[in-house]
file protein-v5.txt (compact mmCIF, C-alpha atoms)
# COMPACT_ATOMS: atom_id res chain seq x y z
CA MET A 1 27.74 -42.66 -75.70
CA LEU A 2 30.75 -43.55 -73.54
CA GLN A 3 30.91 -39.95 -72.35
CA ASN A 4 27.21 -40.02 -71.40
CA ASN A 5 27.66 -43.24 -69.39
CA THR A 6 30.62 -41.74 -67.58
CA THR A 7 28.62 -38.60 -66.81
CA GLN A 8 25.70 -40.66 -65.52
CA LYS A 9 28.01 -42.70 -63.28
CA ILE A 10 29.51 -39.51 -61.87
CA GLU A 11 26.06 -38.07 -61.25
CA LYS A 12 24.85 -41.27 -59.58
CA SER A 13 27.97 -41.37 -57.43
CA PHE A 14 27.47 -37.75 -56.41
CA ILE A 15 23.81 -38.37 -55.58
CA ARG A 16 24.75 -41.41 -53.46
CA LYS A 17 27.35 -39.39 -51.59
CA LEU A 18 24.88 -36.56 -51.12
CA TYR A 19 22.29 -39.03 -49.84
CA VAL A 20 24.78 -40.64 -47.45
CA GLY A 21 25.82 -37.21 -46.25
CA PHE A 22 22.18 -36.28 -45.70
CA LEU A 23 21.63 -39.46 -43.67
CA LEU A 24 24.72 -38.73 -41.60
CA VAL A 25 23.49 -35.20 -40.84
CA ILE A 26 20.03 -36.53 -39.89
CA GLY A 27 21.67 -39.20 -37.72
CA LEU A 28 23.88 -36.66 -35.95
CA LEU A 29 20.91 -34.39 -35.35
CA ALA A 30 18.92 -37.31 -33.95
CA ILE A 31 21.79 -38.27 -31.64
CA THR A 32 22.17 -34.65 -30.50
CA ILE A 33 18.45 -34.36 -29.77
CA ILE A 34 18.41 -37.67 -27.88
CA GLN A 35 21.44 -36.61 -25.82
CA ALA A 36 19.80 -33.28 -25.04
CA VAL A 37 16.60 -35.01 -23.95
CA VAL A 38 18.49 -37.52 -21.79
CA LYS A 39 20.55 -34.72 -20.23
CA THR A 40 17.39 -32.72 -19.52
CA VAL A 41 15.73 -35.70 -17.85
CA GLU A 42 18.84 -36.44 -15.78
CA THR A 43 19.10 -32.78 -14.78
CA GLN A 44 15.46 -32.71 -13.72
CA LYS A 45 15.97 -35.84 -11.62
CA ARG A 46 19.01 -34.32 -9.92
CA SER A 47 17.20 -31.03 -9.41
CA ALA A 48 14.62 -32.76 -7.23
CA ASN A 49 17.26 -32.77 -4.48
CA ILE A 50 18.59 -29.29 -5.24
CA ILE A 51 17.08 -26.25 -3.54
CA ASP A 52 16.86 -22.82 -5.12
CA TYR A 53 17.76 -19.51 -3.48
CA LYS A 54 14.11 -18.54 -3.10
CA ASP A 55 13.58 -21.67 -0.98
CA ILE A 56 16.21 -20.78 1.63
CA GLN A 57 15.61 -17.08 2.29
CA LYS A 58 12.61 -15.48 3.93
CA PHE A 59 12.17 -11.97 5.31
CA ASN A 60 12.00 -12.27 9.09
CA PRO A 61 12.96 -9.33 11.35
CA ARG A 62 13.26 -11.72 14.31
CA ARG A 63 15.90 -14.06 12.88
CA GLU A 64 19.23 -13.57 14.62
CA GLY A 65 21.42 -14.41 11.63
CA GLY A 66 19.55 -12.64 8.83
CA HIS A 67 17.03 -13.75 6.21
CA LEU A 68 18.67 -17.08 5.31
CA LEU A 69 17.14 -20.14 6.93
CA PRO A 70 19.31 -21.73 9.64
CA ASN A 71 20.93 -25.19 9.64
CA ILE A 72 21.23 -25.66 5.87
CA ASP A 73 23.90 -28.00 4.53
CA GLY A 74 23.25 -29.12 0.98
CA TRP A 75 23.18 -28.22 -2.68
CA MET A 76 21.62 -25.14 -4.25
CA LYS A 77 20.95 -24.31 -7.87
CA GLY A 78 24.00 -22.64 -9.35
CA GLU A 79 24.33 -20.78 -12.63
CA SER A 80 22.29 -23.64 -14.12
CA LEU A 81 20.59 -26.76 -12.79
CA ASP A 82 23.45 -29.00 -13.90
CA ARG A 83 25.94 -26.89 -11.93
CA PRO A 84 24.78 -27.01 -8.31
CA VAL A 85 26.71 -25.18 -5.59
CA ARG A 86 27.23 -25.91 -1.90
CA ILE A 87 25.38 -23.84 0.68
CA ILE A 88 25.85 -23.97 4.45
CA THR A 89 24.24 -21.83 7.14
CA ASN A 90 24.84 -22.12 10.87
CA SER A 91 22.22 -22.45 13.59
CA LYS A 92 21.47 -18.71 13.50
CA GLY A 93 21.25 -18.34 9.71
CA PHE A 94 24.65 -16.79 9.00
CA ARG A 95 26.13 -18.14 5.78
CA ASN A 96 29.11 -19.54 7.63
CA ASP A 97 30.12 -23.11 8.39
CA ARG A 98 30.84 -22.36 12.06
CA GLU A 99 29.03 -20.86 15.03
CA PHE A 100 29.60 -17.43 16.59
CA ASP A 101 29.20 -16.42 20.22
CA HIS A 102 28.30 -12.90 21.23
CA TYR A 103 31.66 -12.86 22.97
CA VAL A 104 34.56 -12.09 20.60
CA PRO A 105 37.69 -14.20 21.28
CA PRO A 106 40.69 -12.13 22.45
CA GLY A 107 42.78 -10.75 19.60
CA THR A 108 40.12 -11.53 17.01
CA MET A 109 38.91 -8.95 14.55
CA ARG A 110 35.25 -9.58 13.78
CA ILE A 111 33.68 -8.17 10.62
CA LEU A 112 29.91 -8.23 10.17
CA PHE A 113 29.11 -8.29 6.44
CA LEU A 114 25.49 -7.34 5.66
CA GLY A 115 23.69 -7.23 2.33
CA ASP A 116 21.32 -8.86 -0.13
CA SER A 117 21.87 -11.77 -2.54
CA TYR A 118 25.12 -10.16 -3.71
CA VAL A 119 26.50 -10.66 -0.21
CA ASP A 120 24.89 -13.90 0.95
CA GLY A 121 25.61 -15.52 -2.40
CA MET A 122 22.64 -16.36 -4.62
CA ARG A 123 23.66 -19.35 -6.81
CA THR A 124 27.19 -19.05 -5.42
CA ASP A 125 29.24 -21.80 -3.82
CA GLN A 126 30.12 -21.43 -0.14
CA ARG A 127 33.79 -20.84 -0.93
CA ASP A 128 33.11 -18.32 -3.68
CA THR A 129 31.05 -15.82 -1.66
CA ILE A 130 32.61 -12.40 -1.24
CA GLY A 131 32.66 -12.75 2.54
CA TYR A 132 34.42 -16.13 2.49
CA GLN A 133 37.04 -14.90 0.02
CA LEU A 134 37.58 -11.72 2.02
CA GLU A 135 38.18 -13.73 5.20
CA GLN A 136 40.66 -15.96 3.39
CA ARG A 137 42.63 -12.99 2.07
CA LEU A 138 42.74 -11.28 5.45
CA ASN A 139 44.01 -14.37 7.25
CA LEU A 140 46.47 -15.22 4.49
CA LYS A 141 48.10 -11.80 4.77
CA ALA A 142 47.97 -11.68 8.57
CA THR A 143 51.33 -11.87 10.30
CA GLY A 144 52.76 -12.07 13.78
CA SER A 145 50.38 -11.80 16.71
CA ASN A 146 47.45 -11.16 14.36
CA LYS A 147 47.78 -14.42 12.39
CA ASP A 148 44.40 -16.12 11.73
CA ARG A 149 42.47 -13.62 13.81
CA TYR A 150 39.86 -12.49 11.31
CA GLU A 151 36.31 -13.70 11.00
CA VAL A 152 33.72 -12.44 8.53
CA MET A 153 30.11 -13.09 9.52
CA ILE A 154 27.84 -13.18 6.42
CA SER A 155 24.30 -12.02 7.13
CA GLY A 156 21.65 -11.70 4.38
CA HIS A 157 19.17 -8.81 4.16
CA ASN A 158 16.94 -7.64 1.31
CA ASN A 159 17.88 -3.96 1.58
CA PRO A 160 19.82 -1.48 3.77
CA THR A 161 16.78 -0.67 5.93
CA ASN A 162 16.35 -4.33 6.86
CA ALA A 163 20.07 -4.54 7.60
CA TRP A 164 19.92 -1.48 9.87
CA TYR A 165 17.01 -2.90 11.86
CA TYR A 166 18.81 -6.24 12.13
CA TYR A 167 21.95 -4.56 13.48
CA GLN A 168 19.85 -2.56 15.93
CA GLU A 169 18.12 -5.67 17.29
CA PHE A 170 20.75 -8.40 16.96
CA GLY A 171 23.92 -7.53 15.09
CA HIS A 172 25.51 -5.26 17.67
CA HIS A 173 25.31 -8.04 20.28
CA TYR A 174 28.09 -9.84 18.37
CA HIS A 175 30.40 -6.84 18.97
CA PRO A 176 31.89 -6.54 15.47
CA GLN A 177 34.75 -4.08 15.14
CA ILE A 178 33.86 -3.42 11.51
CA VAL A 179 30.40 -3.43 9.88
CA ILE A 180 30.28 -3.62 6.07
CA LEU A 181 27.03 -2.93 4.25
CA GLY A 182 26.72 -4.03 0.63
CA VAL A 183 24.53 -1.69 -1.46
CA THR A 184 23.17 -3.10 -4.72
CA LEU A 185 22.44 -0.17 -7.02
CA GLY A 186 20.06 -2.30 -9.08
CA ASN A 187 17.37 -2.25 -6.39
CA ASP A 188 18.48 -1.16 -2.91
CA LEU A 189 17.50 2.48 -3.48
CA THR A 190 14.24 1.74 -5.26
CA TRP A 191 12.94 -1.41 -3.51
CA HIS A 192 13.20 -0.90 0.23
CA SER A 193 11.23 -0.95 3.48
CA TYR A 194 12.02 2.51 4.84
CA ARG A 195 8.92 4.41 6.04
CA SER A 196 6.75 1.38 5.29
CA THR A 197 7.72 -1.83 7.06
CA PHE A 198 10.08 0.17 9.28
CA GLN A 199 9.46 3.69 10.53
CA PRO A 200 12.22 6.08 11.64
CA MET A 201 12.09 7.32 15.22
CA VAL A 202 14.31 8.83 17.91
CA ASN A 203 14.98 7.09 21.22
CA SER A 204 15.27 8.70 24.67
CA LYS A 205 18.94 9.46 24.02
CA GLY A 206 18.13 11.38 20.84
CA GLU A 207 19.54 8.61 18.63
CA ALA A 208 17.98 7.62 15.29
CA MET A 209 16.53 4.10 15.19
CA LEU A 210 13.81 2.06 13.47
CA ALA A 211 10.44 0.80 14.67
CA TRP A 212 8.89 -2.31 13.09
CA ASN A 213 5.19 -2.02 12.29
CA GLY A 214 4.65 -5.74 12.88
CA LYS A 215 4.13 -6.70 9.24
CA LEU A 216 6.25 -9.19 7.32
CA VAL A 217 5.62 -7.78 3.85
CA GLN A 218 8.42 -6.13 1.95
CA SER A 219 7.58 -2.78 0.43
CA GLN A 220 7.69 -2.53 -3.33
CA SER A 221 7.65 0.54 -5.53
CA ALA A 222 4.73 1.04 -7.88
CA SER A 223 5.41 0.54 -11.57
CA SER A 224 6.54 3.83 -13.05
CA TYR A 225 7.88 4.22 -16.57
CA LEU A 226 10.53 6.57 -17.89
CA PRO A 227 9.22 9.76 -19.53
CA LYS A 228 8.99 10.01 -23.31
CA GLU A 229 12.16 12.12 -23.41
CA ALA A 230 14.13 9.01 -22.43
CA TYR A 231 13.54 7.38 -25.82
CA ILE A 232 14.74 7.88 -29.38
CA ASP A 233 12.46 10.04 -31.51
CA PRO A 234 9.60 7.88 -32.84
CA SER A 235 10.30 9.12 -36.37
CA ALA A 236 13.81 7.65 -36.33
CA TYR A 237 14.48 4.80 -38.79
CA LEU A 238 14.95 1.79 -36.50
CA PHE A 239 14.34 -1.18 -38.81
CA PHE A 240 17.76 -2.76 -38.29
CA LYS A 241 17.59 -2.36 -34.51
CA ARG A 242 14.30 -4.24 -34.49
CA ILE A 243 15.77 -7.03 -36.62
CA GLU A 244 18.86 -7.32 -34.42
CA SER A 245 16.78 -7.46 -31.23
CA ARG A 246 14.53 -10.20 -32.55
CA LEU A 247 17.43 -12.21 -33.95
CA ARG A 248 19.37 -12.04 -30.68
CA SER A 249 16.32 -13.09 -28.66
CA THR A 250 15.57 -15.99 -31.01
CA LEU A 251 19.16 -17.27 -30.97
CA HIS A 252 19.27 -17.00 -27.19
CA ASP A 253 16.06 -19.05 -26.85
CA LEU A 254 17.25 -21.70 -29.33
CA PHE A 255 20.80 -22.01 -28.01
CA PRO A 256 20.80 -20.86 -24.36
CA GLN A 257 23.99 -22.78 -23.54
CA TRP A 258 26.16 -20.50 -25.67
CA GLY A 259 23.82 -17.57 -26.24
CA GLY A 260 23.61 -16.38 -22.64
CA TYR A 261 25.08 -12.97 -23.39
CA LEU A 262 23.09 -12.23 -26.56
CA ILE A 263 20.26 -10.55 -24.69
CA PRO A 264 20.30 -7.40 -22.52
CA ALA A 265 19.97 -7.11 -18.75
CA ALA A 266 16.73 -8.56 -17.40
CA THR A 267 14.09 -6.15 -16.10
CA TYR A 268 12.02 -8.32 -13.79
CA PRO A 269 9.29 -8.24 -12.63
CA ALA A 270 8.34 -5.52 -15.15
CA ILE A 271 7.85 -6.72 -18.74
CA ASN A 272 9.52 -3.91 -20.61
CA ASP A 273 9.24 -3.19 -24.31
CA ARG A 274 10.49 -0.69 -26.85
CA ARG A 275 9.95 2.84 -25.50
CA GLN A 276 8.40 1.43 -22.34
CA VAL A 277 10.92 0.86 -19.55
CA ASP A 278 10.10 0.71 -15.85
CA MET A 279 12.39 3.19 -14.11
CA GLU A 280 12.41 1.14 -10.90
CA ASP A 281 12.51 -2.47 -11.98
CA PHE A 282 14.25 -4.88 -9.63
CA SER A 283 17.32 -5.38 -11.80
CA THR A 284 18.46 -2.13 -13.39
CA SER A 285 16.52 0.73 -11.69
CA LEU A 286 17.28 2.88 -14.70
CA GLY A 287 15.47 5.85 -13.19
CA LEU A 288 18.46 6.39 -10.88
CA PHE A 289 20.54 7.35 -13.93
CA TYR A 290 18.02 9.52 -15.75
CA GLN A 291 18.83 13.23 -16.07
CA PRO A 292 17.53 15.54 -14.84
CA VAL A 293 16.61 13.66 -11.67
CA LEU A 294 12.88 13.05 -11.46
CA PRO A 295 11.01 14.06 -8.25
CA HIS A 296 10.10 10.48 -7.31
CA ILE A 297 13.69 9.33 -7.77
CA GLU A 298 14.96 12.30 -5.76
CA GLN A 299 12.88 11.06 -2.83
CA GLN A 300 14.55 7.65 -3.14
CA TYR A 301 17.95 9.29 -2.81
CA VAL A 302 16.74 11.25 0.23
CA ASN A 303 15.41 8.08 1.88
CA PHE A 304 18.67 6.27 1.22
CA ALA A 305 20.71 9.11 2.75
CA GLU A 306 18.57 8.98 5.92
CA VAL A 307 19.04 5.22 6.22
CA ILE A 308 22.80 5.33 5.68
CA THR A 309 23.44 8.20 8.09
CA GLY A 310 21.19 6.68 10.76
CA PHE A 311 22.83 3.29 10.36
CA LYS A 312 26.33 4.82 10.52
CA SER A 313 25.50 6.72 13.69
CA MET A 314 24.26 3.59 15.43
CA VAL A 315 27.30 1.54 14.44
CA GLU A 316 29.70 4.22 15.62
CA ASN A 317 27.80 4.58 18.90
CA HIS A 318 28.72 0.93 19.49
CA GLY A 319 32.39 1.72 18.86
CA ALA A 320 32.66 0.05 15.44
CA SER A 321 33.66 1.32 11.99
CA PHE A 322 30.98 1.47 9.29
CA ILE A 323 31.70 0.90 5.59
CA ILE A 324 29.40 0.75 2.59
CA VAL A 325 30.28 -1.07 -0.64
CA LEU A 326 28.59 0.00 -3.88
CA PHE A 327 27.82 -2.92 -6.21
CA PRO A 328 27.28 -1.51 -9.73
CA THR A 329 24.73 -2.81 -12.22
CA ARG A 330 25.94 -4.68 -15.29
CA LEU A 331 24.82 -1.71 -17.42
CA GLN A 332 27.21 0.56 -15.55
CA ALA A 333 30.15 -1.82 -15.68
CA SER A 334 30.09 -2.88 -19.34
CA ALA A 335 29.81 -0.43 -22.25
CA LYS A 336 28.72 -3.32 -24.50
CA GLU A 337 25.91 -4.29 -22.13
CA TRP A 338 24.73 -0.68 -22.05
CA GLN A 339 24.75 -0.35 -25.84
CA LEU A 340 22.79 -3.58 -26.14
CA PHE A 341 20.20 -2.33 -23.65
CA LEU A 342 19.87 0.95 -25.57
CA LYS A 343 19.21 -0.93 -28.81
CA PHE A 344 16.59 -3.24 -27.34
CA TYR A 345 14.52 -0.49 -25.75
CA PHE A 346 15.21 2.42 -28.14
CA LEU A 347 16.62 4.59 -25.37
CA GLU A 348 18.28 7.97 -25.86
CA SER A 349 21.74 7.59 -24.31
CA SER A 350 22.22 11.34 -23.76
CA LYS A 351 19.44 11.30 -21.14
CA PHE A 352 21.35 8.99 -18.80
CA ASP A 353 24.42 9.41 -16.60
CA LEU A 354 25.53 5.93 -15.54
CA SER A 355 27.93 7.27 -12.91
CA TYR A 356 25.47 9.65 -11.25
CA PRO A 357 24.29 7.38 -8.36
CA ASN A 358 27.88 6.59 -7.44
CA GLN A 359 28.94 10.23 -7.55
CA ARG A 360 25.99 11.28 -5.43
CA ILE A 361 26.55 8.59 -2.82
CA LEU A 362 30.29 9.30 -2.73
CA GLU A 363 29.47 12.96 -2.07
CA LEU A 364 27.20 11.86 0.78
CA CYS A 365 30.01 9.72 2.17
CA LYS A 366 32.41 12.66 2.02
CA ASN A 367 30.00 14.99 3.80
CA GLU A 368 29.21 12.41 6.50
CA SER A 369 32.82 11.19 6.93
CA LEU A 370 31.65 7.75 5.89
CA HIS A 371 33.93 5.06 4.48
CA CYS A 372 32.73 4.07 1.01
CA ILE A 373 34.11 1.52 -1.48
CA ASP A 374 32.92 2.12 -5.04
CA LEU A 375 33.48 -0.99 -7.17
CA LEU A 376 32.51 0.67 -10.46
CA PRO A 377 36.03 1.84 -11.43
CA ALA A 378 37.50 -1.64 -10.89
CA PHE A 379 34.71 -3.30 -12.87
CA LYS A 380 35.01 -0.85 -15.75
CA ALA A 381 38.79 -1.27 -15.82
CA HIS A 382 38.31 -5.04 -16.06
CA TYR A 383 36.06 -4.67 -19.11
CA ASP A 384 38.28 -2.02 -20.69
CA LEU A 385 41.15 -4.53 -20.64
CA GLY A 386 39.02 -7.07 -22.50
CA GLY A 387 38.16 -9.15 -19.44
CA LEU A 388 35.49 -11.84 -19.44
CA PRO A 389 31.95 -11.05 -18.18
CA LEU A 390 31.55 -10.22 -14.48
CA TYR A 391 27.84 -11.00 -14.38
CA ARG A 392 25.92 -14.19 -14.97
CA PRO A 393 24.38 -15.00 -18.38
CA HIS A 394 20.75 -14.61 -19.52
CA GLY A 395 20.57 -11.01 -18.33
CA ASP A 396 20.87 -12.02 -14.65
CA MET A 397 21.68 -9.01 -12.45
CA HIS A 398 24.02 -11.02 -10.20
CA MET A 399 27.78 -11.16 -10.41
CA ASN A 400 29.50 -14.39 -11.39
CA GLU A 401 32.50 -15.83 -9.57
CA THR A 402 34.93 -13.45 -11.30
CA GLY A 403 32.88 -10.43 -10.26
CA GLN A 404 32.76 -11.65 -6.68
CA ARG A 405 36.50 -12.29 -6.63
CA ILE A 406 37.22 -8.74 -7.81
CA SER A 407 34.80 -7.42 -5.18
CA ALA A 408 36.63 -9.33 -2.44
CA ASP A 409 39.99 -8.02 -3.75
CA GLU A 410 38.81 -4.40 -3.66
CA ILE A 411 37.32 -4.65 -0.17
CA PHE A 412 40.43 -6.39 1.12
CA SER A 413 42.67 -3.71 -0.40
CA PHE A 414 40.62 -0.94 1.20
CA LEU A 415 40.63 -2.59 4.62
CA ARG A 416 44.32 -3.30 4.52
CA HIS A 417 45.33 0.23 3.57
CA SER A 418 42.69 2.32 5.34
CA LEU A 419 41.35 0.72 8.51
CA LEU A 420 43.20 -2.30 9.78
CA ASN A 421 46.23 -0.59 11.30
CA GLY A 422 44.09 1.34 13.78
CA HIS A 423 42.06 -1.74 14.69
CA HIS A 424 45.19 -3.85 15.08
CA GLN A 425 46.57 -1.35 17.59
CA ALA A 426 43.32 -1.54 19.55
CA LEU A 427 43.45 -5.34 19.46
CA ARG A 428 47.03 -5.41 20.71
CA GLU A 429 46.16 -3.08 23.57
CA ASP A 430 43.14 -5.27 24.42
CA VAL A 431 45.24 -8.45 24.42
CA SER A 432 48.02 -6.91 26.53
CA SER A 433 45.53 -5.60 29.08
CA ASN A 434 44.17 -9.15 29.52
call {"tool": "encode", "arguments": {"input": "protein-v5.txt", "output": "structure tokens"}}
result
Amino acid sequence: MLQNNTTQKIEKSFIRKLYVGFLLVIGLLAITIIQAVVKTVETQKRSANIIDYKDIQKFNPRREGGHLLPNIDGWMKGESLDRPVRIITNSKGFRNDREFDHYVPPGTMRILFLGDSYVDGMRTDQRDTIGYQLEQRLNLKATGSNKDRYEVMISGHNNPTNAWYYYQEFGHHYHPQIVILGVTLGNDLTWHSYRSTFQPMVNSKGEAMLAWNGKLVQSQSASSYLPKEAYIDPSAYLFFKRIESRLRSTLHDLFPQWGGYLIPAATYPAINDRRQVDMEDFSTSLGLFYQPVLPHIEQQYVNFAEVITGFKSMVENHGASFIIVLFPTRLQASAKEWQLFLKFYFLESSKFDLSYPNQRILELCKNESLHCIDLLPAFKAHYDLGGLPLYRPHGDMHMNETGQRISADEIFSFLRHSLLNGHHQALREDVSSN
């Protein structure tokens, strides 16, 4: 009897502890949910005064600074709503906190940096943009008579064709000694305005240039899916890949704060699915990597070559140096990202060459004596050494601050070792003659 009473007391004590523990867990969950709700409400209130990137850029061939709206000085949505970033544009729309005259001050080296949201800094703080960091590095390393004589003008454009037309109409009036064009491999070859919004032509001097057709609508490629050979054989046993894909997506949706890298690269605006991937979506443009090259994709490469060579010729006719920078996709840079993408969409990896676009463009640069900076090797080396992600979470195609810092480092290194000595000599001669 005594043993039974003791057992009952132990059981009752255990049940009470279990009950108390249950109440504590429920209480903690309730507190967590309340805090999340309060944080969401506070974030929404703050976001009322925070602009998004789409609100401050608009395609306009007649804007002297590029596609960013002028005279902005405020907060923009960053990586998330609760992490806003500072954005400033000058009176012309350059993403710079100072004005620029057409006249270049004596002894100053002016660099015109053109490109899309990678260059003008979507969800990126003013001081973290590639152009700002590049300018800081150049001036920090400047010595002697060239101290603090660099300025990097940041001008936003949706694609290389837009940038070429902008330089033709406005950019050359600022007399930059160096013109850098950022090329985003995720969409610049597949979403462009060449032979649609802008038509190629030849002026009276026999020089290539662009004519605007008067419309303000960006061209957009029609939806076109990869051929069936791009996918794993339908008979393959893929049960576990399906389970992993669904589990990753569910966890990401439930816990987005820490699950940002559980899902593959986004493929907007196309809604892709297993064995159905748009080859020219706005984020990955996977058709550029498919082998053998498809006829429609081949035409995209041909169009790009015409734009780049025409643009280069115009810049050099104005006495400046022309450089292109290749921004790789996250699938190219990270082997893990690529493997994740393959799993989600049941792709056959042997049908893709992730270095092909870079190799082809580098060959074009060699044949045309064009300066080209390929960032893919530096990005891959970063990942191979176990480095943290270079792109933003949730499948976003854009680089994070680390990716932009590495980009600035690589461009700075190229300029310092390949071009600046010749330009410095020209600057010194210009200063002495004045």
call {"tool": "residues_around", "arguments": {"input": "protein-v5.txt", "residues": "range 98-114 of chain A", "least_positions_apart": "2", "cutoff": "6 Å", "atoms": "all atoms listed in the file", "output": "PyMOL selection string"}}
result
chain A and resi 96+149-156+173-174+176-181+427+431
call {"tool": "residues_around", "arguments": {"input": "protein-v5.txt", "residues": "Thr129 in chain A", "least_positions_apart": "5", "cutoff": "10 Å", "atoms": "only C-alpha atoms", "output": "ChimeraX atom specification"}}
result
/A:95,118-124,134,154,400-401,404-405,407-408
call {"tool": "write_last_selection", "arguments": {"input": "protein-v5.txt", "atoms": "C-alpha atoms", "output": "PDB file, in the frame of the given file"}}
result
ATOM      1  CA  ARG A  95      26.130 -18.140   5.780  1.00  0.00           C
ATOM      2  CA  TYR A 118      25.120 -10.160  -3.710  1.00  0.00           C
ATOM      3  CA  VAL A 119      26.500 -10.660  -0.210  1.00  0.00           C
ATOM      4  CA  ASP A 120      24.890 -13.900   0.950  1.00  0.00           C
ATOM      5  CA  GLY A 121      25.610 -15.520  -2.400  1.00  0.00           C
ATOM      6  CA  MET A 122      22.640 -16.360  -4.620  1.00  0.00           C
ATOM      7  CA  ARG A 123      23.660 -19.350  -6.810  1.00  0.00           C
ATOM      8  CA  THR A 124      27.190 -19.050  -5.420  1.00  0.00           C
ATOM      9  CA  LEU A 134      37.580 -11.720   2.020  1.00  0.00           C
ATOM     10  CA  ILE A 154      27.840 -13.180   6.420  1.00  0.00           C
ATOM     11  CA  ASN A 400      29.500 -14.390 -11.390  1.00  0.00           C
ATOM     12  CA  GLU A 401      32.500 -15.830  -9.570  1.00  0.00           C
ATOM     13  CA  GLN A 404      32.760 -11.650  -6.680  1.00  0.00           C
ATOM     14  CA  ARG A 405      36.500 -12.290  -6.630  1.00  0.00           C
ATOM     15  CA  SER A 407      34.800  -7.420  -5.180  1.00  0.00           C
ATOM     16  CA  ALA A 408      36.630  -9.330  -2.440  1.00  0.00           C
TER      17      ALA A 408
END
call {"tool": "closest_residue", "arguments": {"input": "protein-v5.txt", "among": "A:Met314, A:Asp233, A:Thr89, A:Asn60", "to": "Thr197 in chain A", "atoms": "all atoms listed in the file"}}
result
A:Asn60
call {"tool": "residues_around", "arguments": {"input": "protein-v5.txt", "residues": "range 341-354 of chain A", "least_positions_apart": "5", "cutoff": "9 Å", "atoms": "all atoms listed in the file", "output": "PyMOL selection string"}}
result
chain A and resi 229-233+238+241-242+244-246+263-265+272-277+286-292+331-332+336
call {"tool": "atom_distance", "arguments": {"input": "protein-v5.txt", "atom1": "CA of Leu376 in chain A", "atom2": "CA of Thr309 in chain A"}}
result
22.0 Å
call {"tool": "residues_around", "arguments": {"input": "protein-v5.txt", "residues": "His157 in chain A", "least_positions_apart": "2", "cutoff": "9 Å", "atoms": "all atoms listed in the file", "output": "list in words"}}
result
Phe59, Gly66, His67, Leu68, Leu114, Gly115, Asp116, Ser117, Val119, Asp120, Ser155, Asn159, Pro160, Thr161, Asn162, Ala163 and Tyr166 of chain A
call {"tool": "build_atoms", "arguments": {"input": "protein-v5.txt", "residues": "range 340-352 of chain A", "atoms": "N, CA and C atoms", "output": "short mmCIF file (atom, residue, chain, number, x, y, z; two decimals), keeping the file's coordinate frame"}}
result
data_model
loop_
_atom_site.label_atom_id
_atom_site.label_comp_id
_atom_site.auth_asym_id
_atom_site.auth_seq_id
_atom_site.Cartn_x
_atom_site.Cartn_y
_atom_site.Cartn_z
N LEU A 340 23.79 -2.56 -25.81
CA LEU A 340 22.79 -3.58 -26.14
C LEU A 340 21.44 -3.22 -25.54
N PHE A 341 21.44 -2.73 -24.31
CA PHE A 341 20.20 -2.33 -23.65
C PHE A 341 19.56 -1.16 -24.39
N LEU A 342 20.38 -0.20 -24.81
CA LEU A 342 19.87 0.95 -25.57
C LEU A 342 19.17 0.51 -26.84
N LYS A 343 19.78 -0.45 -27.55
CA LYS A 343 19.21 -0.93 -28.81
C LYS A 343 17.87 -1.63 -28.60
N PHE A 344 17.80 -2.46 -27.57
CA PHE A 344 16.59 -3.24 -27.34
C PHE A 344 15.40 -2.35 -27.01
N TYR A 345 15.64 -1.29 -26.25
CA TYR A 345 14.52 -0.49 -25.75
C TYR A 345 14.42 0.90 -26.36
N PHE A 346 15.26 1.17 -27.40
CA PHE A 346 15.21 2.42 -28.14
C PHE A 346 15.38 3.62 -27.21
N LEU A 347 16.37 3.53 -26.34
CA LEU A 347 16.62 4.59 -25.37
C LEU A 347 17.57 5.64 -25.93
N GLU A 348 17.42 6.87 -25.47
CA GLU A 348 18.28 7.97 -25.86
C GLU A 348 19.42 8.07 -24.85
N SER A 349 20.61 7.70 -25.24
CA SER A 349 21.74 7.59 -24.31
C SER A 349 22.08 8.92 -23.64
N SER A 350 21.84 10.03 -24.32
CA SER A 350 22.22 11.34 -23.76
C SER A 350 21.38 11.71 -22.54
N LYS A 351 20.30 10.99 -22.28
CA LYS A 351 19.44 11.30 -21.14
C LYS A 351 19.85 10.54 -19.88
N PHE A 352 20.94 9.80 -19.95
CA PHE A 352 21.35 8.99 -18.80
C PHE A 352 22.80 9.25 -18.44
#
